[in-house]
Each structure stands twice: as structure tokens, then as C-alpha cells.
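Chemist: Here you go, target14.pdb (PDB, C-alpha atoms, pLDDT in the B column):
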```
MODEL        1
ATOM      1  CA  GLY A   1      -5.423 -23.967 -11.209  1.00 43.00           C
ATOM      2  CA  ALA A   2      -6.687 -20.809  -9.571  1.00 45.00           C
ATOM      3  CA  LEU A   3      -7.664 -22.569  -6.353  1.00 45.00           C
ATOM      4  CA  ASP A   4      -4.075 -23.723  -5.878  1.00 49.00           C
ATOM      5  CA  THR A   5      -2.958 -20.088  -5.554  1.00 54.00           C
ATOM      6  CA  LEU A   6      -5.341 -19.034  -2.790  1.00 54.00           C
ATOM      7  CA  PRO A   7      -3.608 -17.301   0.124  1.00 62.00           C
ATOM      8  CA  ARG A   8      -2.538 -19.491   2.987  1.00 63.00           C
ATOM      9  CA  LYS A   9      -1.727 -18.447   6.542  1.00 65.00           C
ATOM     10  CA  GLU A  10       1.374 -20.146   7.915  1.00 69.00           C
ATOM     11  CA  ASP A  11       2.968 -20.455  11.341  1.00 68.00           C
ATOM     12  CA  GLY A  12       4.747 -17.440  12.816  1.00 71.00           C
ATOM     13  CA  GLY A  13       2.539 -14.803  11.181  1.00 71.00           C
ATOM     14  CA  ALA A  14       3.466 -15.739   7.610  1.00 75.00           C
ATOM     15  CA  ALA A  15       0.986 -15.468   4.755  1.00 72.00           C
ATOM     16  CA  ALA A  16       1.906 -16.602   1.257  1.00 68.00           C
ATOM     17  CA  SER A  17       0.531 -17.425  -2.163  1.00 65.00           C
ATOM     18  CA  ASP A  18       2.128 -19.006  -5.209  1.00 64.00           C
ATOM     19  CA  ASP A  19       2.316 -16.306  -7.859  1.00 55.00           C
ATOM     20  CA  ASP A  20       2.404 -17.990 -11.219  1.00 52.00           C
ATOM     21  CA  ASP A  21       0.223 -20.925 -12.152  1.00 48.00           C
ATOM     22  CA  GLY A  22       1.280 -20.835 -15.793  1.00 46.00           C
ATOM     23  CA  GLU A  23       0.561 -18.726 -18.824  1.00 48.00           C
ATOM     24  CA  GLY A  24      -2.948 -18.248 -20.053  1.00 46.00           C
ATOM     25  CA  GLY A  25      -4.943 -19.385 -17.052  1.00 53.00           C
ATOM     26  CA  GLY A  26      -6.708 -22.078 -19.072  1.00 55.00           C
ATOM     27  CA  CYS A  27      -7.691 -19.771 -21.935  1.00 60.00           C
ATOM     28  CA  GLU A  28      -5.267 -21.121 -24.545  1.00 66.00           C
ATOM     29  CA  GLY A  29      -6.655 -21.047 -28.065  1.00 67.00           C
ATOM     30  CA  LEU A  30      -9.488 -18.625 -27.282  1.00 67.00           C
ATOM     31  CA  GLU A  31      -9.650 -15.291 -29.076  1.00 76.00           C
ATOM     32  CA  TYR A  32     -11.001 -12.108 -27.547  1.00 76.00           C
ATOM     33  CA  ASP A  33     -11.606  -8.612 -28.876  1.00 81.00           C
ATOM     34  CA  VAL A  34     -10.435  -6.784 -25.754  1.00 79.00           C
ATOM     35  CA  LYS A  35     -11.267  -3.069 -25.565  1.00 82.00           C
ATOM     36  CA  ALA A  36     -10.160  -2.492 -21.984  1.00 81.00           C
ATOM     37  CA  LEU A  37      -8.832  -4.403 -19.038  1.00 76.00           C
ATOM     38  CA  CYS A  38      -8.943  -3.618 -15.355  1.00 77.00           C
ATOM     39  CA  CYS A  39      -7.187  -5.473 -12.595  1.00 76.00           C
ATOM     40  CA  ASP A  40      -6.861  -4.979  -8.880  1.00 75.00           C
ATOM     41  CA  THR A  41      -4.670  -6.442  -6.174  1.00 74.00           C
ATOM     42  CA  THR A  42      -4.356  -6.028  -2.463  1.00 73.00           C
ATOM     43  CA  CYS A  43      -1.777  -3.422  -1.625  1.00 77.00           C
ATOM     44  CA  CYS A  44       1.403  -4.450   0.145  1.00 85.00           C
ATOM     45  CA  SER A  45       1.794  -7.979  -1.168  1.00 90.00           C
ATOM     46  CA  VAL A  46       5.485  -8.178  -2.063  1.00 93.00           C
ATOM     47  CA  VAL A  47       7.223 -10.385  -4.624  1.00 94.00           C
ATOM     48  CA  ALA A  48      10.932 -10.948  -5.342  1.00 97.00           C
ATOM     49  CA  LEU A  49      11.687 -11.379  -9.048  1.00 97.00           C
ATOM     50  CA  SER A  50      14.668 -12.788 -10.907  1.00 97.00           C
ATOM     51  CA  SER A  51      16.352 -10.964 -13.800  1.00 96.00           C
ATOM     52  CA  SER A  52      13.916 -12.805 -16.110  1.00 96.00           C
ATOM     53  CA  ARG A  53      11.053 -11.399 -13.968  1.00 95.00           C
ATOM     54  CA  GLU A  54      10.029 -14.765 -12.549  1.00 95.00           C
ATOM     55  CA  PRO A  55       9.032 -15.027  -8.867  1.00 96.00           C
ATOM     56  CA  LEU A  56      11.852 -16.411  -6.710  1.00 97.00           C
ATOM     57  CA  ARG A  57       9.557 -17.336  -3.822  1.00 95.00           C
ATOM     58  CA  PRO A  58       5.850 -17.171  -3.029  1.00 94.00           C
ATOM     59  CA  SER A  59       4.797 -13.560  -2.535  1.00 92.00           C
ATOM     60  CA  LEU A  60       4.593 -12.124   0.963  1.00 93.00           C
ATOM     61  CA  LEU A  61       0.914 -11.289   1.277  1.00 91.00           C
ATOM     62  CA  TRP A  62      -0.372  -8.040   2.765  1.00 88.00           C
ATOM     63  CA  MET A  63      -1.306  -9.807   6.011  1.00 89.00           C
ATOM     64  CA  ASP A  64       2.173 -11.313   6.486  1.00 91.00           C
ATOM     65  CA  ALA A  65       3.514  -9.652   9.639  1.00 90.00           C
ATOM     66  CA  ARG A  66       6.891 -11.385  10.022  1.00 93.00           C
ATOM     67  CA  SER A  67       8.612  -8.095   9.166  1.00 94.00           C
ATOM     68  CA  ALA A  68       7.429  -6.317  12.342  1.00 92.00           C
ATOM     69  CA  PRO A  69      11.028  -6.180  13.699  1.00 94.00           C
ATOM     70  CA  GLN A  70      12.209  -4.621  10.426  1.00 94.00           C
ATOM     71  CA  ALA A  71       9.416  -2.013  10.595  1.00 89.00           C
ATOM     72  CA  ALA A  72      10.581  -1.135  14.110  1.00 89.00           C
ATOM     73  CA  LYS A  73      14.177  -0.765  12.846  1.00 91.00           C
ATOM     74  CA  ILE A  74      13.012   1.705  10.208  1.00 86.00           C
ATOM     75  CA  MET A  75      11.266   3.826  12.838  1.00 84.00           C
ATOM     76  CA  ASP A  76      14.362   3.642  15.088  1.00 85.00           C
ATOM     77  CA  VAL A  77      16.487   5.064  12.245  1.00 82.00           C
ATOM     78  CA  VAL A  78      13.919   7.754  11.427  1.00 79.00           C
ATOM     79  CA  ARG A  79      13.824   8.880  15.063  1.00 79.00           C
ATOM     80  CA  SER A  80      17.583   8.704  15.662  1.00 82.00           C
ATOM     81  CA  HIS A  81      19.801  11.789  15.741  1.00 82.00           C
ATOM     82  CA  SER A  82      22.840  12.251  13.534  1.00 80.00           C
ATOM     83  CA  GLU A  83      26.017  12.721  15.558  1.00 81.00           C
ATOM     84  CA  ALA A  84      27.282  15.201  12.974  1.00 83.00           C
ATOM     85  CA  SER A  85      24.216  17.445  12.772  1.00 85.00           C
ATOM     86  CA  GLY A  86      22.231  16.537  15.891  1.00 86.00           C
ATOM     87  CA  ARG A  87      19.142  16.373  13.690  1.00 87.00           C
ATOM     88  CA  THR A  88      16.789  13.444  13.060  1.00 83.00           C
ATOM     89  CA  VAL A  89      16.380  11.902   9.625  1.00 80.00           C
ATOM     90  CA  LEU A  90      12.986  13.610   9.321  1.00 78.00           C
ATOM     91  CA  GLU A  91      14.466  16.993  10.215  1.00 82.00           C
ATOM     92  CA  THR A  92      17.167  16.486   7.592  1.00 83.00           C
ATOM     93  CA  PHE A  93      14.815  15.049   4.959  1.00 79.00           C
ATOM     94  CA  PRO A  94      11.333  16.540   5.537  1.00 78.00           C
ATOM     95  CA  GLU A  95      10.126  14.963   2.275  1.00 73.00           C
ATOM     96  CA  LEU A  96      10.109  11.630   4.154  1.00 70.00           C
ATOM     97  CA  ARG A  97       7.294  12.847   6.421  1.00 69.00           C
ATOM     98  CA  VAL A  98       4.647  10.347   5.393  1.00 65.00           C
ATOM     99  CA  ASN A  99       2.176   8.440   7.530  1.00 63.00           C
ATOM    100  CA  SER A 100       1.270  10.794  10.364  1.00 60.00           C
ATOM    101  CA  ASN A 101       3.881  13.376   9.372  1.00 60.00           C
ATOM    102  CA  GLY A 102       6.672  10.831   9.671  1.00 59.00           C
ATOM    103  CA  GLU A 103       5.755   9.802  13.194  1.00 63.00           C
ATOM    104  CA  GLY A 104       4.703   6.378  11.999  1.00 65.00           C
ATOM    105  CA  PRO A 105       3.961   3.764  12.595  1.00 69.00           C
ATOM    106  CA  ILE A 106       5.519   2.005   9.654  1.00 78.00           C
ATOM    107  CA  SER A 107       3.438  -1.076   8.988  1.00 83.00           C
ATOM    108  CA  ALA A 108       5.006  -4.518   8.792  1.00 86.00           C
ATOM    109  CA  GLU A 109       2.670  -4.978   5.827  1.00 86.00           C
ATOM    110  CA  TRP A 110       4.552  -2.449   3.665  1.00 88.00           C
ATOM    111  CA  LEU A 111       7.200  -3.086   1.001  1.00 90.00           C
ATOM    112  CA  LEU A 112      10.292  -1.723   2.813  1.00 89.00           C
ATOM    113  CA  PRO A 113       9.962  -3.844   5.966  1.00 93.00           C
ATOM    114  CA  LYS A 114       9.180  -6.913   3.845  1.00 95.00           C
ATOM    115  CA  ALA A 115      12.181  -6.250   1.592  1.00 95.00           C
ATOM    116  CA  MET A 116      14.366  -5.918   4.691  1.00 96.00           C
ATOM    117  CA  TRP A 117      12.901  -9.195   5.998  1.00 97.00           C
ATOM    118  CA  ILE A 118      13.835 -10.945   2.743  1.00 97.00           C
ATOM    119  CA  LYS A 119      17.378  -9.520   2.963  1.00 97.00           C
ATOM    120  CA  GLU A 120      17.833 -10.591   6.579  1.00 97.00           C
ATOM    121  CA  CYS A 121      15.925 -13.887   6.610  1.00 97.00           C
ATOM    122  CA  GLU A 122      16.278 -15.163   3.038  1.00 97.00           C
ATOM    123  CA  PRO A 123      19.648 -13.809   1.887  1.00 97.00           C
ATOM    124  CA  ARG A 124      19.846 -16.170  -1.097  1.00 98.00           C
ATOM    125  CA  VAL A 125      16.544 -14.822  -2.413  1.00 98.00           C
ATOM    126  CA  TRP A 126      17.764 -11.241  -1.787  1.00 97.00           C
ATOM    127  CA  GLU A 127      21.009 -11.878  -3.683  1.00 98.00           C
ATOM    128  CA  SER A 128      19.146 -13.513  -6.583  1.00 98.00           C
ATOM    129  CA  ALA A 129      16.469 -10.831  -6.825  1.00 98.00           C
ATOM    130  CA  ASP A 130      16.728  -8.288  -9.606  1.00 97.00           C
ATOM    131  CA  VAL A 131      13.485  -6.605  -8.486  1.00 95.00           C
ATOM    132  CA  ILE A 132      11.513  -6.606  -5.246  1.00 95.00           C
ATOM    133  CA  CYS A 133       8.173  -4.991  -5.851  1.00 93.00           C
ATOM    134  CA  GLU A 134       4.510  -4.829  -4.973  1.00 91.00           C
ATOM    135  CA  TYR A 135       2.483  -7.651  -6.467  1.00 89.00           C
ATOM    136  CA  GLN A 136       0.336  -5.115  -8.335  1.00 88.00           C
ATOM    137  CA  ASP A 137       3.480  -3.898 -10.120  1.00 90.00           C
ATOM    138  CA  TYR A 138       4.274  -7.500 -11.077  1.00 92.00           C
ATOM    139  CA  ILE A 139       0.745  -7.956 -12.470  1.00 89.00           C
ATOM    140  CA  ASN A 140       1.127  -4.741 -14.487  1.00 88.00           C
ATOM    141  CA  TYR A 141       4.461  -6.061 -15.800  1.00 92.00           C
ATOM    142  CA  ARG A 142       2.809  -9.337 -16.815  1.00 90.00           C
ATOM    143  CA  LEU A 143       0.068  -7.411 -18.623  1.00 87.00           C
ATOM    144  CA  THR A 144       2.240  -4.791 -20.340  1.00 87.00           C
ATOM    145  CA  GLY A 145       5.840  -6.003 -20.375  1.00 91.00           C
ATOM    146  CA  ARG A 146       6.837  -2.778 -18.568  1.00 91.00           C
ATOM    147  CA  MET A 147       8.146  -2.751 -15.001  1.00 90.00           C
ATOM    148  CA  VAL A 148       6.712   0.343 -13.336  1.00 87.00           C
ATOM    149  CA  ALA A 149       5.825   1.152  -9.731  1.00 83.00           C
ATOM    150  CA  SER A 150       2.560   2.388  -8.315  1.00 75.00           C
ATOM    151  CA  SER A 151       2.962   6.090  -7.578  1.00 74.00           C
ATOM    152  CA  CYS A 152       1.138   5.671  -4.255  1.00 71.00           C
ATOM    153  CA  ASN A 153       3.458   2.921  -3.056  1.00 67.00           C
ATOM    154  CA  ALA A 154       6.575   4.628  -4.380  1.00 67.00           C
ATOM    155  CA  ALA A 155       5.676   7.827  -2.546  1.00 65.00           C
ATOM    156  CA  VAL A 156       4.167   6.545   0.686  1.00 63.00           C
ATOM    157  CA  ARG A 157       4.814   2.891   1.306  1.00 61.00           C
TER     158      ARG A 157
ENDMDL
END
```
Will you turn the file into C-alpha cells for me?
Modeler:
Amino acid sequence: GALDTLPRKEDGGAAASDDDDGEGGGCEGLEYDVKALCCDTTCCSVVALSSSREPLRPSLLWMDARSAPQAAKIMDVVRSHSEASGRTVLETFPELRVNSNGEGPISAEWLLPKAMWIKECEPRVWESADVICEYQDYINYRLTGRMVASSCNAAVR
């Protein structure tokens, strides 16, 4: 049931939640005349999905900070200079100047560091994943059958 999917804090800074407790949520056989539906999720909870769009592991919750080393790697790359041009990534690609004009920090809570963490620490999940996305995008997929990304997360996080 719903209480089985409450977030849990684990050792080493991990925070996880099981994503799918079955279809219907206990409402099988009930009929509704739905005019509108609104849902909300915490930003920066990340889920790896198979080609059939099923979670491959419990989602990495927003407060999961195990990807701090990966966030630091991203900032190292952003600040590094190209040997060919002598310019930084941000000088070459000014459109990447997000979060304090590209000066960071990049949060370990965000999708890219968490995706890097999955690749480096759970390579079998990475190889099996067809999609790694924000949990809110997964919820929207479950509601609509369309896999789309939040414009805020796609642009900034």
C-alpha cells in the first residue's frame, strides 16, 4: 500500500522509495467522472526506467546526496580549459550558464549527477535503462502515456 512507498533514509546519504505499488492504488472497479487532475512531486527525484517504462531500481530521492562526487566532476569539467582553444566550457557554450551564471554549485540532488552516479555505481542498471528521468516525468508518463520532460529541469537541472 501507500505506506510501503514512504521515503526511507539509508546509510551513506542514500534516500530511496519504491516507485510502483501496482496499478490502480486500490481503486479497482470504481468509476469517476474526472474533469481535471493535478499532481505534484518533489523536484530532483530520479528514476531509471526499462524499455517498457518500468522502474529498474527504487528512485533516488531529492535528498539522496551520494552523487556529490559526480556533481564536483561536472563543475571540474565546466571550469576546465580546452587545450585547443584555451577557453572554458562556459566560454565556449554560454547557453550553459545556469545556476549563478554557470559558477555553480551543481547540486548532488539534480538529475545529471544522479545519472552519473547510476552509471558509475550501478552499471547494470545504467546499461538496462532506456530512460533516466525525473520522477515527475515518470508520473506524467503514467498519467498520459507520453514521455516528456519538465521544461524547468531540461533547461536548468
Chemist: I'd like the neighbourhood of A:Ser45 as a list in words, where a residue qualifies if any of its atoms comes within 8 Å (using only C-alpha atoms), though same-chain residues fewer than 6 positions away should be ignored.
Modeler: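 The neighbour list is Ser59, Leu60, Leu61, Trp62, Glu109, Trp110, Leu111, Glu134, Tyr135 and Gln136 of chain A.
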Chemist: Exactly which residues make up the result of the PyMOL selection byres ((chain A and resi 66) around 12) on this file, given as a PyMOL selection string?
Modeler: chain A and resi 9-16+60-65+67-72+107-110+113-118+120-121
Chemist: How far is it from atom CA of A:Ser151 to atom CA of A:Asp33, in Å with one decimal?
Modeler: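 We find that atom CA of A:Ser151 and atom CA of A:Asp33 lie 29.7 Å from each other.
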Chemist: I want to know what sits within 10 Å of A:Tyr138, based on all atoms listed in the file, with residues of the same chain fewer than 3 positions away left out; could you give that as a list in words?
Modeler: Asp19, Val46, Val47, Ala48, Leu49, Arg53, Glu54, Pro55, Val131, Ile132, Cys133, Glu134, Tyr135, Tyr141, Arg142, Leu143, Thr144, Gly145, Arg146, Met147, Val148 and Ala149 of chain A
Chemist: Set up a box along x, y and z of the file covering all listed atoms of stretch 62-78 of chain A, add 6 Å on every one of the six sides, and write the centre and edge lengths in Å to one decimal, as AutoDock Vina command-line options.
Modeler:
```
--center_x 7.6 --center_y -1.8 --center_z 8.9 --size_x 29.8 --size_y 31.1 --size_z 24.3
```
Chemist: Using atom CA of A:Thr41 and atom CA of A:Arg57 as the two end points, give the distance in Å to one decimal.
Modeler: 18.1 Å
Chemist: If the PyMOL selection byres ((chain A and resi 39) around 9) were run on this exact file, what residues would it hold? Put them as a PyMOL selection string.
Modeler: chain A and resi 37-38+40-41+136+139-140
Chemist: What does the structure give for the distance between atom CA of A:His81 and atom CA of A:Leu112, in Å to one decimal?
Modeler: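 Spanning atom CA of A:His81 to atom CA of A:Leu112 is a straight-line distance of 21.0 Å.
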Chemist: Which residue is closest to A:Glu122? Choose from A:Pro94, A:Cys44, A:Leu56, A:Met75 and count only C-alpha atoms.
Modeler: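 Among the listed residues, A:Leu56 lies closest to A:Glu122.
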